[in-house]
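Novice: I'd like to ask you about the structure that follows.
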Amino acid sequence: MVIGAGIVGACSAAYLQRDAREVLLIDHGEPGMGASFGNGGIFSASSIVPVAMPGTLAKVPRWLLDPEGPLAIRWSYLPRLVPWLLRFAAASAPARVEAQARALRALLKDSAAHYAPLLRDAGAEALVRKQGMLYLYASEAAWRGDARAMDLRRRNGILIEDLERRTLAEREPDLGAAVTHARFIPDNGFTTNPLRLVQSLAQQLAARGARIAQERVLGFESNGQRITAVRTDRGRHPASAVVLAAGAWSKPLAAQLGDRVPLDTERGYHVIVKAPEKTLRAPAIFVDASFGITPMETGLRLAGTVELGGLEAPANWARTDAMLNHGRRILPGLLARHDESRLSRWLGFRPSLPDSLPVIGPSSRYRNAYYAFGHGHMGMCGAPLTGKLISELIAGKNPSIDISPFSARRF
Ligand SMILES: Cc1cc2nc3c(=O)[nH]c(=O)nc-3n(C[C@H](O)[C@H](O)[C@H](O)COP(=O)(O)OP(=O)(O)OC[C@H]3O[C@@H](n4cnc5c(N)ncnc54)[C@H](O)[C@@H]3O)c2cc1C
C-alpha cells in the first residue's frame with residue numbers, strides 16, 4: 001500500500017510493481033495534484049546544496065524586507081515554526097552542509113537512469129528533455145555570492161560551465177541585458193509537464209493491475225509489530241507493507257507509525273505565461289530571486305520562491321506578481337501587455353525537513369512500514385531512486401546507496 005500519489009508515491013509504486021508486488025496506490029485526490037502538479041519540472045541533479053548554508057540566516061532580514069525577494073514569512077505561523085528554524089540554523093554548520101550535500105548527491109546523481117525504465121514502461125519518454133539548465137544572475141555580486149554553492153557542487157562532481165555573455169545570448173536570444181552572468185549545468189534535464197508525468201506513471205500502474213483508490217488515509221491497525229491494515233475515510237484495507245509518501249502531509253501519519261519528524265512546508269508558487277512572446281530553450285534558475293523558468297507544454301512556467309506559513313494559510317498571489325515582474329526584466333516583452341486570461345497561478349507545498357534531506361527508510365516501530373517523504377526542492381529529481389530504494393527495502397535487499405543520512409531517527 002503506497003499512501004500518496006505524487007511523484008514519489010508513483011515512482012515507489014512503479015518500482016514495487018516492477019518487483020512483482022501487488023500495489024494499492026491511495027490518495028484522497030487525483031494522482032499528481034499535490035506539490036508534483038505545479039513544480040518547476042527541473043531534474044536538477046545539481047540540487048545538492050542544502051537550503052540552510054553558512055550565511056543563509058544572515059541574508060534573511062534583507063530578503064524579508066524585499067517584497068519581491070525570495071523569502072516570505074507568515075508571522076502568525078512563526079511560533080509554530082521556531083523549532084524547525086532552530087534545526088534549520090543548526091543544519092547550516094559547515095560540516096553538516098558537506099555531509100548533507102554528499103547524501104543528496106548520491107540520491108540525485110543517476111536520476112535519469114533510474115527514471116529510464118519507468119518512462120519506457122509508461123511510454124512517457126517524450127515528456128522528458130535533457131538540455132541542461134542555466135543559473136542566471138542579474139549582477140556580478142549575485143554571481144560571486146553563489147560561488148560557495150557552486151564550489152560545493154563542483155567538489156561533489158557536478159559539471160558547471162561559466163558562460164560568456166555572448167555565448168549566453170546565442171543560446172538564449174530572448175534574454176535581456178538585465179542578465180549579466182550565467183552558468184550552465186549540462187547534465188540537468190526537465191519535464192515539459194510534471195502532472196502528465198505522474199499521470200502516465202499512474203496509468204501504467206493501473207494498466208498492469210495496480211489499484212488506485214481515491215480515499216483519505218486516517219490511521220493504521222497493527223498487531224504491535226506489523227501494520228495489518230490502513231484505515232481511510234471510506235473503510236479499511238489490509239496491507240502486507242505500507243509506504244508513507246504523503247508529501248507535506250506525512251507528519252501526523254509518521255507519528256502514528258512511531259516517528260516524530262520535524263516536517264514542515266516551504267510553500268512555493270508558480271505563474272504560467274501561456275503562449276509567451278519571449279521564452280527560453282532550456283530551463284533556468286534566476287538565482288537573485290530564487291525561482292525557476294521552464295518552457296513547458298502549457299506555457300512558460302515561473303516557479304519557486306519560499307514562503308514559510310504552514311499548510312492552512314490562504315495564498316498570497318502577490319508572490320506570483322513578483323516572479324512575473326522579475327520574468328519581464330529577464331525576458332523583456334515576455335507578456336506584451338498584461339492579460340490575466342493568459343496567466344495561470346498556483347500555490348504548492350514542498351515537504352521540507354530542516355536539513356534539506358528527505359526521510360527514506362523503515363519506521364522505528366513497525367517492521368513493514370516505510371517512509372518516502374520530505375523531498376523539499378528536489379522531489380522530481382529524487383523520486384525514482386527513492387522508489388527503487390523502497391522496493392529494495394521491502395524485498396529485504398541491500399539498498400543501492402547508503403540510506404542512513406535519510407533515517408527518520410536522525411532528529
Ligand atoms: C513552486 C515549486 C517548484 C518546485 N520545483 C521543483 C523542480 O523544479 N524540480 C524538483 O525536483 N522539485 C521541485 N519542487 C519540489 C517538488 O515539487 C516536490 O519535492 C515533490 O513534488 C514532492 O513529491 P511528493 O510525491 O512527495 O508530494 P506530493 O506531490 O505533494 O504528493 C503527496 C500526495 O499525498 C496525498 N496525501 C496527503 N495526505 C494524504 C492522506 N492522508 N491520504 C491520502 N493521500 C494523502 C496528497 O493528496 C498528494 O497527492 C518544487 C516545488 C514547488 C512548490
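To be explicit about the labels: the chains of the C-alpha cells are called A, B, and onward in the order shown, and within each one the residues are counted from 1, while ligands get numbers from 1 in the order they are shown.
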As a PDB file with N, CA, C and O atoms, in the first residue's frame, please: the residues near region 156-166 of chain A (cut-off 6 Å, only C-alpha atoms, same-chain neighbours under 4 positions excluded).
Specialist:
ATOM      1  N   ALA A 182      26.013  34.026 -16.181  1.00  0.00           N
ATOM      2  CA  ALA A 182      25.293  32.745 -16.262  1.00  0.00           C
ATOM      3  C   ALA A 182      26.252  31.580 -16.089  1.00  0.00           C
ATOM      4  O   ALA A 182      27.444  31.670 -16.414  1.00  0.00           O
ATOM      5  N   ARG A 183      25.705  30.512 -15.563  1.00  0.00           N
ATOM      6  CA  ARG A 183      26.429  29.233 -15.511  1.00  0.00           C
ATOM      7  C   ARG A 183      25.511  28.176 -16.115  1.00  0.00           C
ATOM      8  O   ARG A 183      24.283  28.278 -16.037  1.00  0.00           O
ATOM      9  N   PHE A 184      26.127  27.149 -16.681  1.00  0.00           N
ATOM     10  CA  PHE A 184      25.359  26.106 -17.364  1.00  0.00           C
ATOM     11  C   PHE A 184      25.687  24.749 -16.750  1.00  0.00           C
ATOM     12  O   PHE A 184      26.862  24.428 -16.522  1.00  0.00           O
ATOM     13  N   ILE A 185      24.643  23.964 -16.466  1.00  0.00           N
ATOM     14  CA  ILE A 185      24.823  22.608 -15.917  1.00  0.00           C
ATOM     15  C   ILE A 185      24.380  21.639 -17.014  1.00  0.00           C
ATOM     16  O   ILE A 185      23.177  21.423 -17.208  1.00  0.00           O
TER      17      ILE A 185
END
Novice: Hey, what's within 10 Å of Lys109 (chain A) if we count only C-alpha atoms and toss same-chain stuff fewer than 4 positions away? As a list in words, please?
Specialist: Ser44, Ala45, Ser46, Ser47, Ile48, Leu104, Arg105, Ala113, His114, Asn156, Gly157, Ile158, Asp187, Asn188, Cys381, Gly382 and Leu385 of chain A
Novice: Could you pull out the residues in region 168-212 of chain A that DSSP calls helix (DSSP H, G or I) from the backbone, as a list of chain:residue names?
Specialist: A:Leu168, A:Ala169, A:Glu170, A:Arg171, A:Pro194, A:Leu195, A:Arg196, A:Leu197, A:Val198, A:Gln199, A:Ser200, A:Leu201, A:Ala202, A:Gln203, A:Gln204, A:Leu205, A:Ala206, A:Ala207
Novice: Could the residues in this selection be written to a file with N, CA and C atoms, as a compact mmCIF listing (two decimals), in the first residue's frame?
Specialist:
# COMPACT_ATOMS: atom_id res chain seq x y z
N LEU A 168 25.90 33.06 -24.02
CA LEU A 168 24.56 33.00 -23.44
C LEU A 168 23.53 33.58 -24.42
N ALA A 169 23.88 34.71 -25.04
CA ALA A 169 22.95 35.35 -25.98
C ALA A 169 22.69 34.45 -27.19
N GLU A 170 23.71 33.70 -27.61
CA GLU A 170 23.50 32.77 -28.74
C GLU A 170 22.54 31.64 -28.33
N ARG A 171 22.73 31.14 -27.11
CA ARG A 171 21.87 30.05 -26.66
C ARG A 171 20.45 30.49 -26.38
N PRO A 194 4.97 18.12 -15.46
CA PRO A 194 5.09 17.23 -14.30
C PRO A 194 3.79 16.47 -14.00
N LEU A 195 2.64 17.12 -14.17
CA LEU A 195 1.38 16.43 -13.89
C LEU A 195 1.21 15.24 -14.83
N ARG A 196 1.44 15.47 -16.12
CA ARG A 196 1.26 14.36 -17.07
C ARG A 196 2.25 13.23 -16.80
N LEU A 197 3.43 13.61 -16.27
CA LEU A 197 4.41 12.57 -15.94
C LEU A 197 3.84 11.65 -14.85
N VAL A 198 3.29 12.24 -13.79
CA VAL A 198 2.71 11.41 -12.72
C VAL A 198 1.51 10.63 -13.26
N GLN A 199 0.69 11.30 -14.05
CA GLN A 199 -0.50 10.61 -14.60
C GLN A 199 -0.09 9.42 -15.47
N SER A 200 0.97 9.60 -16.26
CA SER A 200 1.42 8.49 -17.12
C SER A 200 1.88 7.31 -16.28
N LEU A 201 2.61 7.61 -15.19
CA LEU A 201 3.05 6.51 -14.32
C LEU A 201 1.84 5.82 -13.70
N ALA A 202 0.85 6.63 -13.26
CA ALA A 202 -0.33 6.05 -12.63
C ALA A 202 -1.12 5.20 -13.63
N GLN A 203 -1.24 5.69 -14.86
CA GLN A 203 -1.98 4.91 -15.87
C GLN A 203 -1.29 3.59 -16.14
N GLN A 204 0.05 3.62 -16.20
CA GLN A 204 0.80 2.41 -16.44
C GLN A 204 0.64 1.43 -15.28
N LEU A 205 0.63 1.97 -14.06
CA LEU A 205 0.41 1.12 -12.88
C LEU A 205 -0.94 0.41 -13.00
N ALA A 206 -1.98 1.21 -13.32
CA ALA A 206 -3.33 0.64 -13.41
C ALA A 206 -3.41 -0.39 -14.54
N ALA A 207 -2.74 -0.07 -15.66
CA ALA A 207 -2.78 -0.99 -16.80
C ALA A 207 -2.15 -2.34 -16.45
Novice: Give as JSON, numbers by chain the residues surrounding ligand 1 up to a distance of 6 Å, considering only C-alpha atoms and all ligand atoms.
Specialist: {"A": [3, 4, 5, 6, 7, 8, 9, 26, 27, 28, 29, 31, 32, 33, 34, 35, 36, 39, 40, 41, 42, 43, 215, 216, 217, 218, 245, 246, 247, 249, 267, 268, 269, 270, 303, 304, 348, 349, 350, 373, 375, 376, 377, 378, 379, 380, 381]}
Novice: With N, CA and C atoms kept, could you save the residues just selected as a compact mmCIF listing (two decimals), in the first residue's frame?
Specialist:
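See selection_3.txt below for the written result:
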# COMPACT_ATOMS: atom_id res chain seq x y z
N ILE A 3 0.84 5.25 0.20
CA ILE A 3 -0.03 6.38 0.58
C ILE A 3 0.53 7.65 -0.05
N GLY A 4 -0.21 8.23 -0.99
CA GLY A 4 0.22 9.46 -1.66
C GLY A 4 0.60 9.17 -3.11
N ALA A 5 -0.15 9.79 -4.03
CA ALA A 5 0.12 9.57 -5.46
C ALA A 5 0.74 10.81 -6.09
N GLY A 6 1.77 11.35 -5.42
CA GLY A 6 2.62 12.36 -6.06
C GLY A 6 3.73 11.63 -6.81
N ILE A 7 4.74 12.38 -7.23
CA ILE A 7 5.82 11.75 -8.00
C ILE A 7 6.54 10.69 -7.16
N VAL A 8 6.67 10.93 -5.84
CA VAL A 8 7.41 9.96 -5.01
C VAL A 8 6.60 8.69 -4.83
N GLY A 9 5.30 8.84 -4.53
CA GLY A 9 4.46 7.65 -4.39
C GLY A 9 4.34 6.90 -5.71
N ILE A 26 -2.92 4.95 -2.98
CA ILE A 26 -4.09 5.58 -2.41
C ILE A 26 -3.83 7.07 -2.18
N ASP A 27 -4.76 7.90 -2.62
CA ASP A 27 -4.61 9.35 -2.49
C ASP A 27 -6.02 9.92 -2.38
N HIS A 28 -6.17 10.93 -1.54
CA HIS A 28 -7.53 11.48 -1.41
C HIS A 28 -7.90 12.33 -2.62
N GLY A 29 -6.91 12.67 -3.45
CA GLY A 29 -7.22 13.40 -4.68
C GLY A 29 -6.82 12.58 -5.89
N PRO A 31 -4.23 11.48 -8.84
CA PRO A 31 -2.76 11.40 -8.84
C PRO A 31 -2.12 12.69 -9.38
N GLY A 32 -1.06 13.12 -8.70
CA GLY A 32 -0.26 14.24 -9.20
C GLY A 32 -0.79 15.62 -8.91
N MET A 33 -1.77 15.75 -8.02
CA MET A 33 -2.36 17.08 -7.79
C MET A 33 -1.75 17.79 -6.58
N GLY A 34 -0.77 17.19 -5.91
CA GLY A 34 -0.09 17.86 -4.79
C GLY A 34 1.05 18.72 -5.32
N ALA A 35 2.16 18.73 -4.57
CA ALA A 35 3.32 19.53 -5.00
C ALA A 35 3.79 19.11 -6.39
N SER A 36 3.54 17.85 -6.73
CA SER A 36 4.04 17.34 -8.01
C SER A 36 3.30 17.95 -9.20
N ASN A 39 5.28 22.12 -9.90
CA ASN A 39 6.69 22.50 -9.68
C ASN A 39 7.36 22.94 -10.98
N GLY A 40 8.64 23.31 -10.84
CA GLY A 40 9.39 23.79 -12.00
C GLY A 40 9.78 22.69 -12.98
N GLY A 41 9.57 21.44 -12.59
CA GLY A 41 9.81 20.33 -13.51
C GLY A 41 11.27 20.08 -13.83
N ILE A 42 12.16 20.68 -13.07
CA ILE A 42 13.58 20.55 -13.41
C ILE A 42 14.16 19.32 -12.70
N PHE A 43 14.78 18.44 -13.49
CA PHE A 43 15.50 17.31 -12.91
C PHE A 43 16.90 17.83 -12.63
N GLU A 215 -9.07 7.87 -1.62
CA GLU A 215 -9.51 7.85 -0.22
C GLU A 215 -8.48 8.57 0.62
N ARG A 216 -8.93 9.11 1.75
CA ARG A 216 -8.01 9.80 2.67
C ARG A 216 -7.58 8.83 3.76
N VAL A 217 -6.29 8.63 3.92
CA VAL A 217 -5.80 7.72 4.96
C VAL A 217 -5.86 8.45 6.31
N LEU A 218 -6.48 7.76 7.29
CA LEU A 218 -6.65 8.36 8.62
C LEU A 218 -5.74 7.72 9.66
N ALA A 245 4.10 8.12 1.57
CA ALA A 245 4.65 9.08 0.60
C ALA A 245 3.65 10.20 0.41
N ALA A 246 3.21 10.76 1.54
CA ALA A 246 2.14 11.77 1.50
C ALA A 246 2.69 13.19 1.51
N GLY A 247 3.92 13.36 1.05
CA GLY A 247 4.49 14.68 0.88
C GLY A 247 4.40 15.51 2.15
N TRP A 249 2.10 16.37 3.91
CA TRP A 249 1.05 15.96 4.86
C TRP A 249 1.45 14.69 5.62
N ARG A 267 6.26 26.72 1.32
CA ARG A 267 5.27 26.99 0.28
C ARG A 267 5.95 27.63 -0.93
N GLY A 268 5.50 27.27 -2.11
CA GLY A 268 6.07 27.85 -3.32
C GLY A 268 4.96 28.12 -4.32
N TYR A 269 5.23 29.00 -5.25
CA TYR A 269 4.19 29.42 -6.20
C TYR A 269 4.63 29.20 -7.63
N HIS A 270 3.66 29.15 -8.53
CA HIS A 270 4.02 29.28 -9.95
C HIS A 270 3.05 30.22 -10.65
N ALA A 303 8.42 29.28 -11.48
CA ALA A 303 8.02 28.52 -10.29
C ALA A 303 9.10 28.56 -9.24
N GLY A 304 8.71 28.89 -8.01
CA GLY A 304 9.68 28.82 -6.93
C GLY A 304 9.38 29.78 -5.81
N GLY A 348 1.78 25.74 -4.03
CA GLY A 348 2.04 24.34 -3.67
C GLY A 348 2.87 24.23 -2.41
N PHE A 349 2.94 23.01 -1.90
CA PHE A 349 3.54 22.78 -0.58
C PHE A 349 4.71 21.80 -0.67
N ARG A 350 5.92 22.35 -0.61
CA ARG A 350 7.08 21.45 -0.60
C ARG A 350 7.14 20.74 0.75
N PHE A 373 9.24 10.47 2.10
CA PHE A 373 8.69 11.84 2.02
C PHE A 373 9.75 12.85 2.43
N HIS A 375 10.97 15.55 0.33
CA HIS A 375 11.95 15.82 -0.73
C HIS A 375 12.12 17.30 -1.06
N GLY A 376 11.48 18.17 -0.30
CA GLY A 376 11.74 19.61 -0.39
C GLY A 376 11.77 20.13 -1.82
N HIS A 377 12.92 20.68 -2.21
CA HIS A 377 13.05 21.35 -3.51
C HIS A 377 13.39 20.38 -4.64
N MET A 378 13.61 19.10 -4.34
CA MET A 378 14.17 18.25 -5.40
C MET A 378 13.41 16.93 -5.62
N GLY A 379 12.10 16.94 -5.28
CA GLY A 379 11.36 15.69 -5.38
C GLY A 379 11.26 15.12 -6.78
N MET A 380 11.19 15.98 -7.79
CA MET A 380 11.08 15.46 -9.16
C MET A 380 12.34 14.69 -9.52
N CYS A 381 13.46 15.16 -9.00
CA CYS A 381 14.73 14.52 -9.33
C CYS A 381 15.01 13.33 -8.41
Novice: From region 292-322 of chain A, collect each residue whose DSSP state is strand (DSSP E) and return the set as a ChimeraX atom specification.
Specialist: /A:292-296,299-308
Novice: Those residues you just picked out, can you put them in a file as a JSON list (two decimals), in the first residue's frame with C-alpha atoms?
Specialist:
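File produced: part-v2.json:
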[["chain", "number", "residue", "atom", "x", "y", "z"],
["A", 292, "GLY", "CA", 12.90, 28.55, -11.96],
["A", 293, "ILE", "CA", 11.81, 29.37, -15.51],
["A", 294, "THR", "CA", 10.83, 26.32, -17.53],
["A", 295, "PRO", "CA", 9.47, 26.07, -21.06],
["A", 296, "MET", "CA", 6.54, 23.69, -20.67],
["A", 299, "GLY", "CA", 3.48, 27.80, -21.44],
["A", 300, "LEU", "CA", 6.49, 29.36, -19.76],
["A", 301, "ARG", "CA", 6.34, 28.41, -16.08],
["A", 302, "LEU", "CA", 7.93, 30.64, -13.45],
["A", 303, "ALA", "CA", 8.02, 28.52, -10.29],
["A", 304, "GLY", "CA", 9.68, 28.82, -6.93],
["A", 305, "THR", "CA", 10.44, 31.18, -4.04],
["A", 306, "VAL", "CA", 9.80, 30.18, -0.43],
["A", 307, "GLU", "CA", 7.01, 31.25, 1.89],
["A", 308, "LEU", "CA", 7.05, 29.89, 5.44]]
Novice: With a distance cut-off of 8 Å and only C-alpha atoms, select the neighbouring residues of region 56-62 of chain A, excluding the residue or stretch itself and same-chain residues fewer than 6 positions from it, and output the selection as a PyMOL selection string.
Specialist: chain A and resi 71+89+92
Novice: Filtering to C-alpha atoms, could you give me those residues as a JSON list (two decimals), in the first residue's frame?
Specialist:
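Full text of part-v7.json as output:
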[["chain", "number", "residue", "atom", "x", "y", "z"],
["A", 71, "LEU", "CA", 11.58, 34.52, 1.05],
["A", 89, "ALA", "CA", 20.09, 27.01, 11.80],
["A", 92, "SER", "CA", 23.81, 25.22, 8.27]]
Novice: At a cut-off of 10 Å, can you tabulate as JSON lines every residue of region 88-192 of chain A near region 352-355 of chain A together with its closest atom pair and the distance in Å to one decimal, using only C-alpha atoms and ordering rows by chain then number?
Specialist:
{"residue": "A:Phe88", "atom": "CA", "partner": "A:Pro354", "partner_atom": "CA", "distance": 4.5}
{"residue": "A:Ala89", "atom": "CA", "partner": "A:Pro354", "partner_atom": "CA", "distance": 8.3}
{"residue": "A:Ala90", "atom": "CA", "partner": "A:Asp355", "partner_atom": "CA", "distance": 8.4}
{"residue": "A:Ala91", "atom": "CA", "partner": "A:Asp355", "partner_atom": "CA", "distance": 5.3}
{"residue": "A:Ser92", "atom": "CA", "partner": "A:Asp355", "partner_atom": "CA", "distance": 7.9}
{"residue": "A:Arg96", "atom": "CA", "partner": "A:Asp355", "partner_atom": "CA", "distance": 8.6}
{"residue": "A:Val97", "atom": "CA", "partner": "A:Asp355", "partner_atom": "CA", "distance": 8.4}
{"residue": "A:Gln100", "atom": "CA", "partner": "A:Asp355", "partner_atom": "CA", "distance": 7.3}
Novice: Could you save those same residues with all heavy atoms as a compact mmCIF listing (two decimals), in the first residue's frame?
Specialist:
# COMPACT_ATOMS: atom_id res chain seq x y z
N PHE A 88 16.99 24.20 11.46
CA PHE A 88 17.48 24.75 10.19
C PHE A 88 18.81 25.46 10.43
O PHE A 88 19.78 25.25 9.70
CB PHE A 88 16.41 25.71 9.64
CG PHE A 88 16.73 26.35 8.32
CD1 PHE A 88 16.43 25.71 7.14
CD2 PHE A 88 17.30 27.62 8.26
CE1 PHE A 88 16.70 26.31 5.91
CE2 PHE A 88 17.58 28.22 7.05
CZ PHE A 88 17.27 27.57 5.87
N ALA A 89 18.85 26.28 11.49
CA ALA A 89 20.09 27.01 11.80
C ALA A 89 21.21 26.02 12.10
O ALA A 89 22.34 26.17 11.60
CB ALA A 89 19.86 27.94 12.99
N ALA A 90 20.91 24.99 12.87
CA ALA A 90 21.96 24.00 13.23
C ALA A 90 22.46 23.26 11.98
O ALA A 90 23.64 22.94 11.87
CB ALA A 90 21.40 23.01 14.25
N ALA A 91 21.53 23.04 11.02
CA ALA A 91 21.91 22.29 9.81
C ALA A 91 22.83 23.09 8.89
O ALA A 91 23.41 22.55 7.96
CB ALA A 91 20.66 21.87 9.04
N SER A 92 22.97 24.40 9.15
CA SER A 92 23.81 25.22 8.27
C SER A 92 25.29 25.20 8.67
O SER A 92 26.11 25.84 8.01
CB SER A 92 23.30 26.66 8.25
OG SER A 92 23.57 27.30 9.49
N ARG A 96 28.08 19.90 8.61
CA ARG A 96 26.80 19.26 8.30
C ARG A 96 26.41 19.51 6.85
O ARG A 96 25.86 18.64 6.17
CB ARG A 96 25.71 19.76 9.25
CG ARG A 96 25.95 19.21 10.66
CD ARG A 96 24.76 19.34 11.54
NE ARG A 96 23.56 18.77 10.95
CZ ARG A 96 22.35 18.94 11.46
NH1 ARG A 96 22.20 19.66 12.55
NH2 ARG A 96 21.29 18.41 10.90
N VAL A 97 26.70 20.71 6.35
CA VAL A 97 26.38 21.03 4.95
C VAL A 97 27.13 20.06 4.02
O VAL A 97 26.56 19.53 3.05
CB VAL A 97 26.73 22.50 4.64
CG1 VAL A 97 26.77 22.75 3.15
CG2 VAL A 97 25.71 23.42 5.31
N GLN A 100 25.37 16.69 4.17
CA GLN A 100 24.05 16.73 3.53
C GLN A 100 24.21 16.76 2.01
O GLN A 100 23.47 16.08 1.28
CB GLN A 100 23.27 17.96 4.02
CG GLN A 100 22.83 17.83 5.48
CD GLN A 100 22.65 19.15 6.22
OE1 GLN A 100 22.54 19.15 7.42
NE2 GLN A 100 22.66 20.26 5.52
Novice: With a distance cut-off of 6 Å and only C-alpha atoms, select the neighbouring residues of Gly387 (chain A), excluding the residue or stretch itself and same-chain residues fewer than 6 positions from it, and output the selection as a PyMOL selection string.
Specialist: chain A and resi 11-12+15
Novice: With distances taken over only C-alpha atoms, which residue among A:Ala142, A:Val359, A:Ile212, A:Leu152 lies nearest Ile403 (chain A)?
Specialist: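 Nearest to Ile403 (chain A): A:Val359.
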Novice: Show me, as a count of residues only, the residues that have an atom within 7 Å of region 321-335 of chain A when counting only C-alpha atoms, minus same-chain residues fewer than 4 positions from it.
Specialist: 11
Novice: Taking only C-alpha atoms into account, name the residue in A:Thr320, A:Ser139, A:Ser76, A:Gln17 that is nearest to Phe286 (chain A).
Specialist: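 The answer is A:Ser139, which sits nearest to Phe286 (chain A).
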Novice: Applying 12 Å and only C-alpha atoms, which residues near region 224-236 of chain A remain after dropping the ones on its own chain fewer than 6 positions away? List them as a PyMOL selection string.
Specialist: chain A and resi 1-3+24-28+213-218+242-244+253+256-258+362-370
Novice: Could you take the residues named above and write them with N, CA, C and O atoms, as a short mmCIF file (atom, residue, chain, number, x, y, z; two decimals), in the first residue's frame?
Specialist:
data_model
loop_
_atom_site.label_atom_id
_atom_site.label_comp_id
_atom_site.auth_asym_id
_atom_site.auth_seq_id
_atom_site.Cartn_x
_atom_site.Cartn_y
_atom_site.Cartn_z
N MET A 1 0.85 -1.19 0.00
CA MET A 1 0.00 0.00 0.00
C MET A 1 0.88 1.23 0.00
O MET A 1 1.73 1.40 0.88
N VAL A 2 0.72 2.07 -1.01
CA VAL A 2 1.50 3.30 -1.09
C VAL A 2 0.55 4.46 -0.83
O VAL A 2 -0.44 4.63 -1.54
N ILE A 3 0.84 5.25 0.20
CA ILE A 3 -0.03 6.38 0.58
C ILE A 3 0.53 7.65 -0.05
O ILE A 3 1.63 8.09 0.29
N LEU A 24 -1.52 -1.20 -4.09
CA LEU A 24 -2.65 -0.28 -3.97
C LEU A 24 -2.06 1.11 -3.72
O LEU A 24 -1.35 1.33 -2.74
N LEU A 25 -2.34 2.02 -4.64
CA LEU A 25 -1.86 3.40 -4.52
C LEU A 25 -3.06 4.24 -4.09
O LEU A 25 -4.10 4.24 -4.76
N ILE A 26 -2.92 4.95 -2.98
CA ILE A 26 -4.09 5.58 -2.41
C ILE A 26 -3.83 7.07 -2.18
O ILE A 26 -2.78 7.46 -1.68
N ASP A 27 -4.76 7.90 -2.62
CA ASP A 27 -4.61 9.35 -2.49
C ASP A 27 -6.02 9.92 -2.38
O ASP A 27 -6.93 9.47 -3.07
N HIS A 28 -6.17 10.93 -1.54
CA HIS A 28 -7.53 11.48 -1.41
C HIS A 28 -7.90 12.33 -2.62
O HIS A 28 -9.06 12.66 -2.82
N ALA A 213 -6.87 4.07 -5.48
CA ALA A 213 -8.09 4.40 -4.73
C ALA A 213 -8.07 5.86 -4.32
O ALA A 213 -7.01 6.39 -3.96
N GLN A 214 -9.22 6.51 -4.42
CA GLN A 214 -9.32 7.92 -4.02
C GLN A 214 -9.93 7.98 -2.62
O GLN A 214 -11.14 8.09 -2.46
N GLU A 215 -9.07 7.87 -1.62
CA GLU A 215 -9.51 7.85 -0.22
C GLU A 215 -8.48 8.57 0.62
O GLU A 215 -7.31 8.61 0.28
N ARG A 216 -8.93 9.11 1.75
CA ARG A 216 -8.01 9.80 2.67
C ARG A 216 -7.58 8.83 3.76
O ARG A 216 -8.43 8.25 4.45
N VAL A 217 -6.29 8.63 3.92
CA VAL A 217 -5.80 7.72 4.96
C VAL A 217 -5.86 8.45 6.31
O VAL A 217 -5.39 9.58 6.45
N LEU A 218 -6.48 7.76 7.29
CA LEU A 218 -6.65 8.36 8.62
C LEU A 218 -5.74 7.72 9.66
O LEU A 218 -5.35 8.38 10.62
N VAL A 242 3.46 -1.05 4.08
CA VAL A 242 2.92 0.30 3.89
C VAL A 242 4.06 1.27 3.60
O VAL A 242 5.09 1.24 4.27
N VAL A 243 3.86 2.11 2.56
CA VAL A 243 4.84 3.14 2.23
C VAL A 243 4.15 4.50 2.41
O VAL A 243 3.14 4.76 1.76
N LEU A 244 4.71 5.32 3.28
CA LEU A 244 4.12 6.65 3.51
C LEU A 244 4.83 7.66 2.60
O LEU A 244 6.00 7.98 2.80
N LEU A 253 0.87 11.13 10.08
CA LEU A 253 0.83 9.69 9.81
C LEU A 253 2.15 9.04 10.25
O LEU A 253 2.16 7.93 10.78
N GLN A 256 2.02 8.38 13.86
CA GLN A 256 1.27 7.15 14.18
C GLN A 256 2.10 5.92 13.91
O GLN A 256 1.86 4.86 14.49
N LEU A 257 3.08 6.05 13.02
CA LEU A 257 3.95 4.90 12.71
C LEU A 257 5.19 4.88 13.61
O LEU A 257 6.09 4.08 13.41
N GLY A 258 5.24 5.79 14.58
CA GLY A 258 6.29 5.70 15.59
C GLY A 258 7.42 6.71 15.48
O GLY A 258 8.40 6.61 16.21
N PRO A 362 12.89 2.59 6.96
CA PRO A 362 11.86 1.92 7.76
C PRO A 362 11.37 2.76 8.92
O PRO A 362 12.08 3.63 9.42
N SER A 363 10.15 2.47 9.37
CA SER A 363 9.64 3.12 10.58
C SER A 363 10.36 2.53 11.79
O SER A 363 10.87 1.41 11.74
N SER A 364 10.39 3.29 12.87
CA SER A 364 11.07 2.79 14.06
C SER A 364 10.26 1.73 14.78
O SER A 364 10.79 0.92 15.51
N ARG A 365 8.94 1.77 14.58
CA ARG A 365 8.09 0.88 15.40
C ARG A 365 7.61 -0.36 14.65
O ARG A 365 7.53 -1.43 15.24
N TYR A 366 7.29 -0.20 13.37
CA TYR A 366 6.66 -1.32 12.65
C TYR A 366 7.57 -1.86 11.56
O TYR A 366 8.10 -1.10 10.74
N ARG A 367 7.70 -3.17 11.53
CA ARG A 367 8.66 -3.79 10.62
C ARG A 367 8.29 -3.66 9.15
O ARG A 367 9.13 -3.82 8.28
N ASN A 368 6.99 -3.46 8.89
CA ASN A 368 6.56 -3.43 7.49
C ASN A 368 6.06 -2.04 7.06
O ASN A 368 5.27 -1.93 6.13
N ALA A 369 6.51 -0.99 7.76
CA ALA A 369 6.14 0.38 7.37
C ALA A 369 7.39 1.16 6.97
O ALA A 369 8.43 1.06 7.65
N TYR A 370 7.28 1.91 5.88
CA TYR A 370 8.45 2.60 5.30
C TYR A 370 8.08 4.04 4.97
O TYR A 370 6.94 4.35 4.64
#
Novice: Would you compute the distance between CA of Leu311 (chain A) and CA of Arg80 (chain A)? Give it in Å to one decimal.
Specialist: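 Interatomic distance, CA of Leu311 (chain A) to CA of Arg80 (chain A): 11.9 Å.
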Novice: At a cut-off of 9 Å, using only C-alpha atoms, what residues contact Ser404 (chain A)? Leave out same-chain residues fewer than 6 positions from it and give the result as an MDAnalysis selection string.
Specialist: chainID A and resid 360:361 410
Novice: Could you jot down the CA of Glu297 (chain A) to CA of Val128 (chain A) separation for me, Å, one decimal place?
Specialist: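 Atom-to-atom, CA of Glu297 (chain A) and CA of Val128 (chain A) are spaced 11.3 Å apart.
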Novice: Let me make sure I understand: among A:Tyr77, A:Arg148, A:Gly189, A:His181, which one has the smallest atom-to-atom distance to Leu127 (chain A) if we use only C-alpha atoms?
Specialist: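 So, comparing all the options, the nearest one is A:Gly189.
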Novice: Would you compute the distance between CA of Pro358 (chain A) and CA of Phe406 (chain A)? Give it in Å to one decimal.
Specialist: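 Separation of CA of Pro358 (chain A) and CA of Phe406 (chain A): 5.8 Å.
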